[in-house]
Amino acid sequence: MIDRPDSHAEVTLVLPDGATRTVPAGTLPSDVVRSIGERLLLAAVAVSVNGEVQDLMTPLRRGGAFRVLTEKDPEALAVLRHSAAHVLATAVRRLRPEAKIGFGPAIEDGFYYDFEVAHPFTPDDLAAFEAEMRKVAQEKLPFVREEVDTAEARRRFVDDPLKLERLDDFTDPAEIISTYTDGPFVDLCRGPHVPDTGRLKHFKLLSAAGAYWRGDEKRQMLQRIYGTAFFKKDELDAHLFRLEEAKKRDHRRLGKELDLFMLHPFSPGATFWTERGTILYNLLVEYVRERQQRDFAEIKTPLLYNKGLWELSGHWGKYRENMFLVLDAESGEHDISLKPMNCPSHYLLYLSKKHSYRELPKRFVTFDVLHRNEVTGALSGLTRVRQFAQDDCHVFLREDQITSEVKFLMDFILGYYESFGLTATLKFATRPPERVGDDAMWDRAESALKAALEATAKPYQLKAGDGAFYGPKIDFDVTDSIGRAWQLGTIQLDYAAPERFDLTYTGDDNTTHRPVVIHRAVSGSFERFIAILIEHFAGAFPTWLAPEQVRVLPITDDQRDVAAKIVERMLAAGIRAHLDDRSETLKYRVAEGARMKIPYMCVVGKREAESDQVAVNTRGAGEGQKPAPVPADRFIERVRDETRSRSLLLEAGRAP
RNA sequence: GCUGACGUAGCUCAAUUGGCAGAGCACCUGAUUUGUAAUCAGGCGGUUGCGAGUUCGAUUCUCGCCGUCAGCUCCA
């Protein structure tokens with residue numbers, strides 16, 4: 001143990017009940033916990049000092065609020081999972097001694113550990129590692145923490161080049177270097193850990209995949225093993241069950257089952273929308289258009305441009321890899337490109353006229369198709385594609401309008417999500433190291449964005465340094481069914497484009513001024529948004545979005561004509577209705593309609609036919625529902641109202 | 001792009017150490033006329049992703065390409 005300057009001082013701990021303990025600095029938390037109670041020591045996973053989690057074997061250096069964390073405390077789970085990563089590494093080292101160790105942190109929902117090995121792991125390897133982990137857990141090996149100096153650390157990891165590289169980061173001599181040892185395995189680690197490997201009881205290894213060392217694609221690829229761990233068996237089981245359930249709402253699966261879209265190897269990353277899917281797509285475009293009708297100006301611009309535009313915008317230098325280049329037959333050069341973004345073309349349209357400060361903010365919106373040549377490995381269902389359309393907007397505004405404009409755009413975006421029952425995570429990304437513009441400009445831009453953010457009173461995550469080079473931004477993220485976060489909406493301030501394109505307006509002083517540009521998307525892309533919506537609703541769309549809203553089922557051929565007339569009346573009322581008069585049993589047709597997640601199935605039997613009624617089956621009411629007949633006119637009116645109001649609830653079938 | 005796994009009928013999946021490629025659903029035909037979550041019978045459907053190689057013989061083994069999936073990188 002290294003002698004620390006503070007090791008002769010005393011620290012005072014304040015227990016949750018207000019009692020205090022004063023102990024010499026350097027005392028182990030386990031000793032403090034033991035002094036509170038032997039049984040508590042058995043239950044203790046770690047402790048919290050001033051809100052900071054540390055384990056039982058790390059010497060106390062500072063006093064403050066002191067809390068013992070047990071399995072019930074949420075903070076303890078990350079400690080367990082971090083230790084699970086070490087147990088995994090312990091098992092891997094036993095079975096594959098040549099493996100070099102990288103990093104092994106706890107992550108949301110689990111943990112991973114990276115290894116450098118000559119041969120990647122197979123599923124069989126994973127099973128073997130998991131079995132070995134169970135042995136390590138049964139051995140109840142204590143986690144032993146040691147604090148060492150750099151020289152000693154280098155000696156311990158002489159065979160682990162990745163750890164030696166990590167040690168290079170320790171440049172501050174005051175920084176504590178610690179190692180954790182469980183049985184034969186020593187890791188360079190700052191902790192915290194559970195007291196011994198026996199604490200690890202319920203865990204599972206989930207997958208293995210390559211991961212670049214330190215996330216750098218120029219460095220070697222390590223093999224990463226993902227797993228998860230819980231304190232209780234039922235929690236682990238519930239988690240694994242959730243993963244299975246999530247797969248059932250995967251938009252790729254539902255897209256096939258509900259006949260919404262397909263992808264074809266002849267055009268990877270581009271969507272074929274079926275007739276049902278196209279209805280859904282168009283409904284969303286129509287909806288956005290309706291919401292934007294008053295305050296935005298929709299425009300359309302070309303899809304193909306000469307490289308001159310991209311040189312002007314900077315894309316030719318920075319983004320060409322991602323652009324689809326087209327051969328110019330006359331020049332023989334690939335100097336034409338499909339547009340990957342709308343902004344440059346919107347600037348051209350803006351430049352086609354002189355603008356007065358009176359027209360600002362001017363908001364151009366479009367639904368044009370964009371193409372980006374994403375690397376193959378990045379493609380993923382509809383969430384990451386090569387061809388897509390954004391509900392893209394470029395706002396040209398005066399700098400003094402930023403706060404009010406951002407507020408306006410945020411309300412617009414959040415209101416839109418809310419109408420689907422979607423909740424997004426807000427991220428505020430500030431100035432990156434490489435940027436244009438002076439600090440005063442960034443100060444103004446960031447404070448304007450921040451003011452608008454805080455006006456919404458919604459929590460947001462600060463991503464310092466993550467802004468675009470041309471300005472700070474607010475991103476709106478949602479997660480898919482398997483927990484991956486996807487960016488949908490965005491609000492980005494841009495000070496660079498107005499300079500590059502020499503955008504101007506005439507101010508009230510009759511001189512020329514530079515506007516600011518805001519890039520805004522709401523759905524992100526319709527492709528991605530639809531993917532998220534499919535998963536959000538699990539394919540059970542609200543009436544207004546359902547490609548097929550009503551299916552009418554005559555019980556026998558005797559009701560076929562009456563049913564057909566009811567369908568006609570529905571179609572005339574603008575309802576997307578179909579007649580299912582196949583000679584299948586009612587059971588069969590009801591089952592199929594349910595599988596297709598049709599909001600309403602109207603059964604027409606003898607009784608209904610005689611009284612101009614329909615017996616409405618409402619989706620989600622479950623099997624064996626006893627539908628009461630509703631007058632056909634009344635039902636039609638209700639479906640229309642439900643559609644018009646874009647209600648998320650299915651209420652048209654309730655008793656009259 | 002990188003690492004790995006995978007690719008069999010429209011869909012979901014089978015096919016015992018390399019030996020005639022199958023089932024259910026869907027689709028078509030016929031029967032059935034059904035009161036609420038899959039009625040019965042028959043039929044159609046395949047150069048096993050594509051291309052080479054090894055072999056008497058390849059869905060199976062090897063290589064290349066294409067695509068999909070997970071993760072990394074990147075991003076709406």
# chains A, B, ... in the order shown; residues from 1 in each chain; ligands from 1
>>> residues_around(residues="Leu545 of chain A", least_positions_apart="2", cutoff="8 Å", atoms="only C-alpha atoms (C1' of nucleotides)", output="ChimeraX atom specification")
/A:280,283-284,541-543,547
>>> residues_around(residues="segment 21-37 of chain B", least_positions_apart="4", cutoff="6 Å", atoms="only C-alpha atoms (C1' of nucleotides)", output="ChimeraX atom specification")
/A:556,585,587,591,623
>>> write_last_selection(atoms="C-alpha atoms", output="PDB file, in the first residue's frame")
ATOM      1  CA  THR A 556     -72.709 -16.515 -44.723  1.00  0.00           C
ATOM      2  CA  THR A 585     -65.256 -20.070 -41.217  1.00  0.00           C
ATOM      3  CA  LYS A 587     -63.384 -18.207 -36.705  1.00  0.00           C
ATOM      4  CA  ALA A 591     -58.225 -14.977 -36.370  1.00  0.00           C
ATOM      5  CA  GLU A 623     -60.305 -13.596 -27.400  1.00  0.00           C
TER       6      GLU A 623
END
>>> closest_atom_pairs(of="chain B", to="chain A", cutoff="8 Å", atoms="only C-alpha atoms (C1' of nucleotides)", output="CSV")
residue,atom,partner,partner_atom,distance
B:G1,C1',A:Val375,CA,6.2
B:C2,C1',A:Glu217,CA,7.5
B:U3,C1',A:Gly210,CA,4.2
B:G4,C1',A:Ala209,CA,6.0
B:U33,C1',A:Thr556,CA,5.1
B:U34,C1',A:Thr585,CA,5.0
B:G35,C1',A:Gly605,CA,6.9
B:U36,C1',A:Lys587,CA,5.7
B:A37,C1',A:Ala591,CA,4.1
B:A38,C1',A:Tyr588,CA,5.3
B:U39,C1',A:Thr585,CA,6.9
B:C66,C1',A:Pro265,CA,7.7
B:G67,C1',A:Pro265,CA,5.5
B:A70,C1',A:Ala209,CA,7.0
B:G71,C1',A:Ala209,CA,4.9
B:C72,C1',A:Ala211,CA,4.2
B:U73,C1',A:Glu217,CA,5.7
B:C74,C1',A:Ala378,CA,7.5
B:A76,C1',A:Gly524,CA,4.8
>>> write_last_selection(atoms="N, CA, C and O atoms (P, O5', C5', C4', C3', O3' and C1' of nucleotides)", output="CSV table (one decimal), in the first residue's frame")
chain,number,residue,atom,x,y,z
B,1,G,P,-18.3,-2.7,-47.7
B,1,G,O5',-17.1,-2.6,-46.7
B,1,G,C5',-15.9,-2.2,-47.2
B,1,G,C4',-15.0,-1.8,-46.0
B,1,G,C3',-14.8,-2.9,-45.0
B,1,G,O3',-13.8,-3.7,-45.3
B,1,G,C1',-15.5,-0.9,-43.9
B,2,C,P,-13.8,-5.3,-44.9
B,2,C,O5',-13.5,-5.2,-43.3
B,2,C,C5',-12.3,-4.8,-42.8
B,2,C,C4',-12.3,-4.8,-41.3
B,2,C,C3',-12.8,-6.2,-40.7
B,2,C,O3',-11.7,-7.1,-40.7
B,2,C,C1',-14.0,-4.4,-39.7
B,3,U,P,-12.0,-8.7,-41.0
B,3,U,O5',-12.7,-9.1,-39.6
B,3,U,C5',-11.9,-9.3,-38.5
B,3,U,C4',-12.8,-9.7,-37.3
B,3,U,C3',-13.7,-10.9,-37.6
B,3,U,O3',-13.0,-12.2,-37.5
B,3,U,C1',-14.9,-9.3,-36.5
B,4,G,P,-13.5,-13.4,-38.5
B,4,G,O5',-14.9,-13.8,-37.9
B,4,G,C5',-14.9,-14.5,-36.7
B,4,G,C4',-16.3,-14.6,-36.1
B,4,G,C3',-17.3,-15.3,-36.9
B,4,G,O3',-17.2,-16.7,-36.7
B,4,G,C1',-18.2,-13.3,-36.2
B,33,U,P,-73.0,-26.5,-46.3
B,33,U,O5',-72.7,-25.0,-45.8
B,33,U,C5',-72.4,-24.8,-44.4
B,33,U,C4',-72.6,-23.3,-44.1
B,33,U,C3',-74.0,-22.8,-44.5
B,33,U,O3',-74.4,-21.9,-43.5
B,33,U,C1',-72.3,-21.6,-45.6
B,34,U,P,-75.3,-22.3,-42.3
B,34,U,O5',-74.3,-22.3,-41.1
B,34,U,C5',-73.6,-21.1,-40.8
B,34,U,C4',-72.2,-21.6,-40.2
B,34,U,C3',-71.6,-20.5,-39.4
B,34,U,O3',-71.0,-21.0,-38.2
B,34,U,C1',-70.1,-21.3,-41.1
B,35,G,P,-71.8,-20.8,-36.9
B,35,G,O5',-71.7,-19.2,-36.7
B,35,G,C5',-70.4,-18.6,-36.5
B,35,G,C4',-70.5,-17.6,-35.4
B,35,G,C3',-71.0,-18.1,-34.1
B,35,G,O3',-70.4,-17.4,-33.1
B,35,G,C1',-72.4,-16.3,-34.9
B,36,U,P,-69.7,-18.2,-31.9
B,36,U,O5',-68.2,-17.7,-32.0
B,36,U,C5',-67.3,-18.1,-33.1
B,36,U,C4',-66.2,-17.2,-33.2
B,36,U,C3',-65.6,-16.7,-31.8
B,36,U,O3',-64.2,-16.6,-31.9
B,36,U,C1',-66.3,-14.8,-33.0
B,37,A,P,-63.3,-17.5,-30.9
B,37,A,O5',-61.9,-17.4,-31.7
B,37,A,C5',-61.9,-17.9,-33.0
B,37,A,C4',-60.4,-17.8,-33.5
B,37,A,C3',-59.5,-18.5,-32.5
B,37,A,O3',-58.4,-19.0,-33.3
B,37,A,C1',-59.0,-16.2,-32.6
B,38,A,P,-58.4,-20.6,-33.6
B,38,A,O5',-59.1,-20.7,-35.0
B,38,A,C5',-58.7,-19.9,-36.1
B,38,A,C4',-58.8,-20.8,-37.4
B,38,A,C3',-58.7,-22.3,-37.2
B,38,A,O3',-59.1,-22.9,-38.4
B,38,A,C1',-56.6,-21.5,-38.0
B,39,U,P,-60.6,-23.1,-38.9
B,39,U,O5',-60.6,-24.6,-39.4
B,39,U,C5',-61.2,-25.6,-38.6
B,39,U,C4',-61.9,-26.6,-39.5
B,39,U,C3',-61.1,-27.3,-40.6
B,39,U,O3',-60.3,-28.4,-40.0
B,39,U,C1',-63.1,-26.6,-41.5
B,66,C,P,-19.0,-8.3,-52.4
B,66,C,O5',-20.5,-8.7,-52.6
B,66,C,C5',-21.3,-8.4,-53.7
B,66,C,C4',-22.7,-8.9,-53.6
B,66,C,C3',-23.4,-8.6,-52.3
B,66,C,O3',-23.9,-7.3,-52.3
B,66,C,C1',-23.7,-10.9,-52.8
B,67,G,P,-24.0,-6.4,-51.0
B,67,G,O5',-25.2,-7.2,-50.2
B,67,G,C5',-26.5,-7.2,-50.7
B,67,G,C4',-27.4,-8.1,-49.9
B,67,G,C3',-27.5,-7.9,-48.4
B,67,G,O3',-28.5,-6.9,-48.1
B,67,G,C1',-27.1,-10.2,-48.9
B,70,A,P,-29.5,-6.6,-35.8
B,70,A,O5',-28.3,-7.1,-34.9
B,70,A,C5',-28.6,-8.0,-33.8
B,70,A,C4',-27.3,-8.3,-33.1
B,70,A,C3',-26.4,-7.1,-32.9
B,70,A,O3',-26.8,-6.4,-31.7
B,70,A,C1',-25.2,-8.9,-33.8
B,71,G,P,-26.6,-4.8,-31.7
B,71,G,O5',-25.0,-4.7,-31.6
B,71,G,C5',-24.4,-5.1,-30.4
B,71,G,C4',-22.9,-5.2,-30.6
B,71,G,C3',-22.2,-3.9,-31.0
B,71,G,O3',-21.9,-3.0,-30.0
B,71,G,C1',-21.4,-5.8,-32.3
B,72,C,P,-21.7,-1.5,-30.3
B,72,C,O5',-20.3,-1.4,-31.0
B,72,C,C5',-19.1,-1.7,-30.3
B,72,C,C4',-17.9,-1.6,-31.2
B,72,C,C3',-17.8,-0.3,-31.9
B,72,C,O3',-17.2,0.7,-31.1
B,72,C,C1',-17.5,-2.0,-33.5
B,73,U,P,-17.7,2.2,-31.3
B,73,U,O5',-17.3,2.6,-32.8
B,73,U,C5',-15.9,2.8,-33.1
B,73,U,C4',-15.7,3.1,-34.5
B,73,U,C3',-16.5,4.2,-35.1
B,73,U,O3',-15.9,5.5,-34.8
B,73,U,C1',-16.7,2.4,-36.5
B,74,C,P,-16.9,6.7,-34.4
B,74,C,O5',-17.8,7.0,-35.7
B,74,C,C5',-17.2,7.5,-36.9
B,74,C,C4',-18.2,7.3,-38.1
B,74,C,C3',-19.5,8.1,-37.9
B,74,C,O3',-19.3,9.5,-38.3
B,74,C,C1',-20.0,5.9,-38.6
B,76,A,P,-26.6,12.7,-38.5
B,76,A,O5',-28.1,12.3,-38.8
B,76,A,C5',-29.1,13.2,-38.5
B,76,A,C4',-30.4,12.4,-38.5
B,76,A,C3',-30.3,11.1,-37.6
B,76,A,O3',-30.6,11.4,-36.3
B,76,A,C1',-31.3,10.6,-39.7
>>> select_by_dssp(residues="segment 46-89 of chain A", states="helix (DSSP H, G or I)", output="list in words")
Pro74, Glu75, Ala76, Leu77, Ala78, Val79, Leu80, Arg81, His82, Ser83, Ala84, Ala85, His86, Val87, Leu88 and Ala89 of chain A
>>> residues_around(residues="Ile636 of chain A", least_positions_apart="4", cutoff="10 Å", atoms="only C-alpha atoms (C1' of nucleotides)", output="compact mmCIF listing (two decimals) with N, CA and C atoms, in the first residue's frame")
# COMPACT_ATOMS: atom_id res chain seq x y z
N VAL A 550 -60.93 -1.13 -41.13
CA VAL A 550 -62.10 -1.96 -40.82
C VAL A 550 -62.15 -3.13 -41.80
N ILE A 566 -72.30 -2.17 -46.96
CA ILE A 566 -71.74 -1.47 -45.79
C ILE A 566 -70.31 -1.03 -46.08
N VAL A 567 -69.55 -1.91 -46.71
CA VAL A 567 -68.18 -1.54 -47.08
C VAL A 567 -68.20 -0.34 -48.01
N ARG A 569 -70.38 2.03 -48.14
CA ARG A 569 -70.68 3.23 -47.35
C ARG A 569 -69.44 3.68 -46.58
N MET A 570 -68.68 2.70 -46.08
CA MET A 570 -67.45 3.05 -45.35
C MET A 570 -66.45 3.72 -46.28
N LEU A 571 -66.28 3.13 -47.46
CA LEU A 571 -65.33 3.70 -48.42
C LEU A 571 -65.75 5.12 -48.79
N ALA A 573 -67.23 7.11 -46.97
CA ALA A 573 -66.96 7.98 -45.83
C ALA A 573 -65.45 8.16 -45.62
N GLY A 574 -64.64 7.61 -46.51
CA GLY A 574 -63.20 7.79 -46.41
C GLY A 574 -62.52 6.78 -45.50
N ILE A 575 -63.24 5.74 -45.13
CA ILE A 575 -62.65 4.74 -44.25
C ILE A 575 -61.97 3.67 -45.10
N VAL A 630 -73.84 -2.50 -33.22
CA VAL A 630 -73.87 -1.04 -33.26
C VAL A 630 -74.48 -0.66 -34.60
N PRO A 631 -75.36 0.33 -34.64
CA PRO A 631 -75.90 0.77 -35.94
C PRO A 631 -74.75 1.14 -36.88
N ALA A 632 -74.83 0.70 -38.10
CA ALA A 632 -73.74 0.89 -39.04
C ALA A 632 -73.38 2.36 -39.19
N ARG A 640 -64.86 7.69 -38.34
CA ARG A 640 -64.42 8.95 -38.97
C ARG A 640 -63.90 9.93 -37.92
N ASP A 641 -64.63 10.06 -36.83
CA ASP A 641 -64.20 10.99 -35.77
C ASP A 641 -62.85 10.57 -35.19
N GLU A 642 -62.75 9.26 -34.96
CA GLU A 642 -61.52 8.73 -34.37
C GLU A 642 -60.33 9.00 -35.29
N ALA A 652 -64.53 3.16 -31.22
CA ALA A 652 -65.68 3.21 -32.12
C ALA A 652 -66.62 2.03 -31.94
N GLY A 653 -66.15 0.97 -31.32
CA GLY A 653 -66.97 -0.23 -31.22
C GLY A 653 -67.75 -0.35 -29.93
>>> residues_around(residues="Ile474 of chain A", least_positions_apart="5", cutoff="9 Å", atoms="only C-alpha atoms (C1' of nucleotides)", output="number ranges by chain")
A: 426-430, 449, 453, 467, 489-493
>>> atom_distance(atom1="atom CA of Leu56 of chain A", atom2="atom CA of Phe185 of chain A")
19.2 Å
>>> residues_around(residues="G64 of chain B", least_positions_apart="3", cutoff="12 Å", atoms="only C-alpha atoms (C1' of nucleotides)", output="list in words")
C50, G51, A52 and G53 of chain B
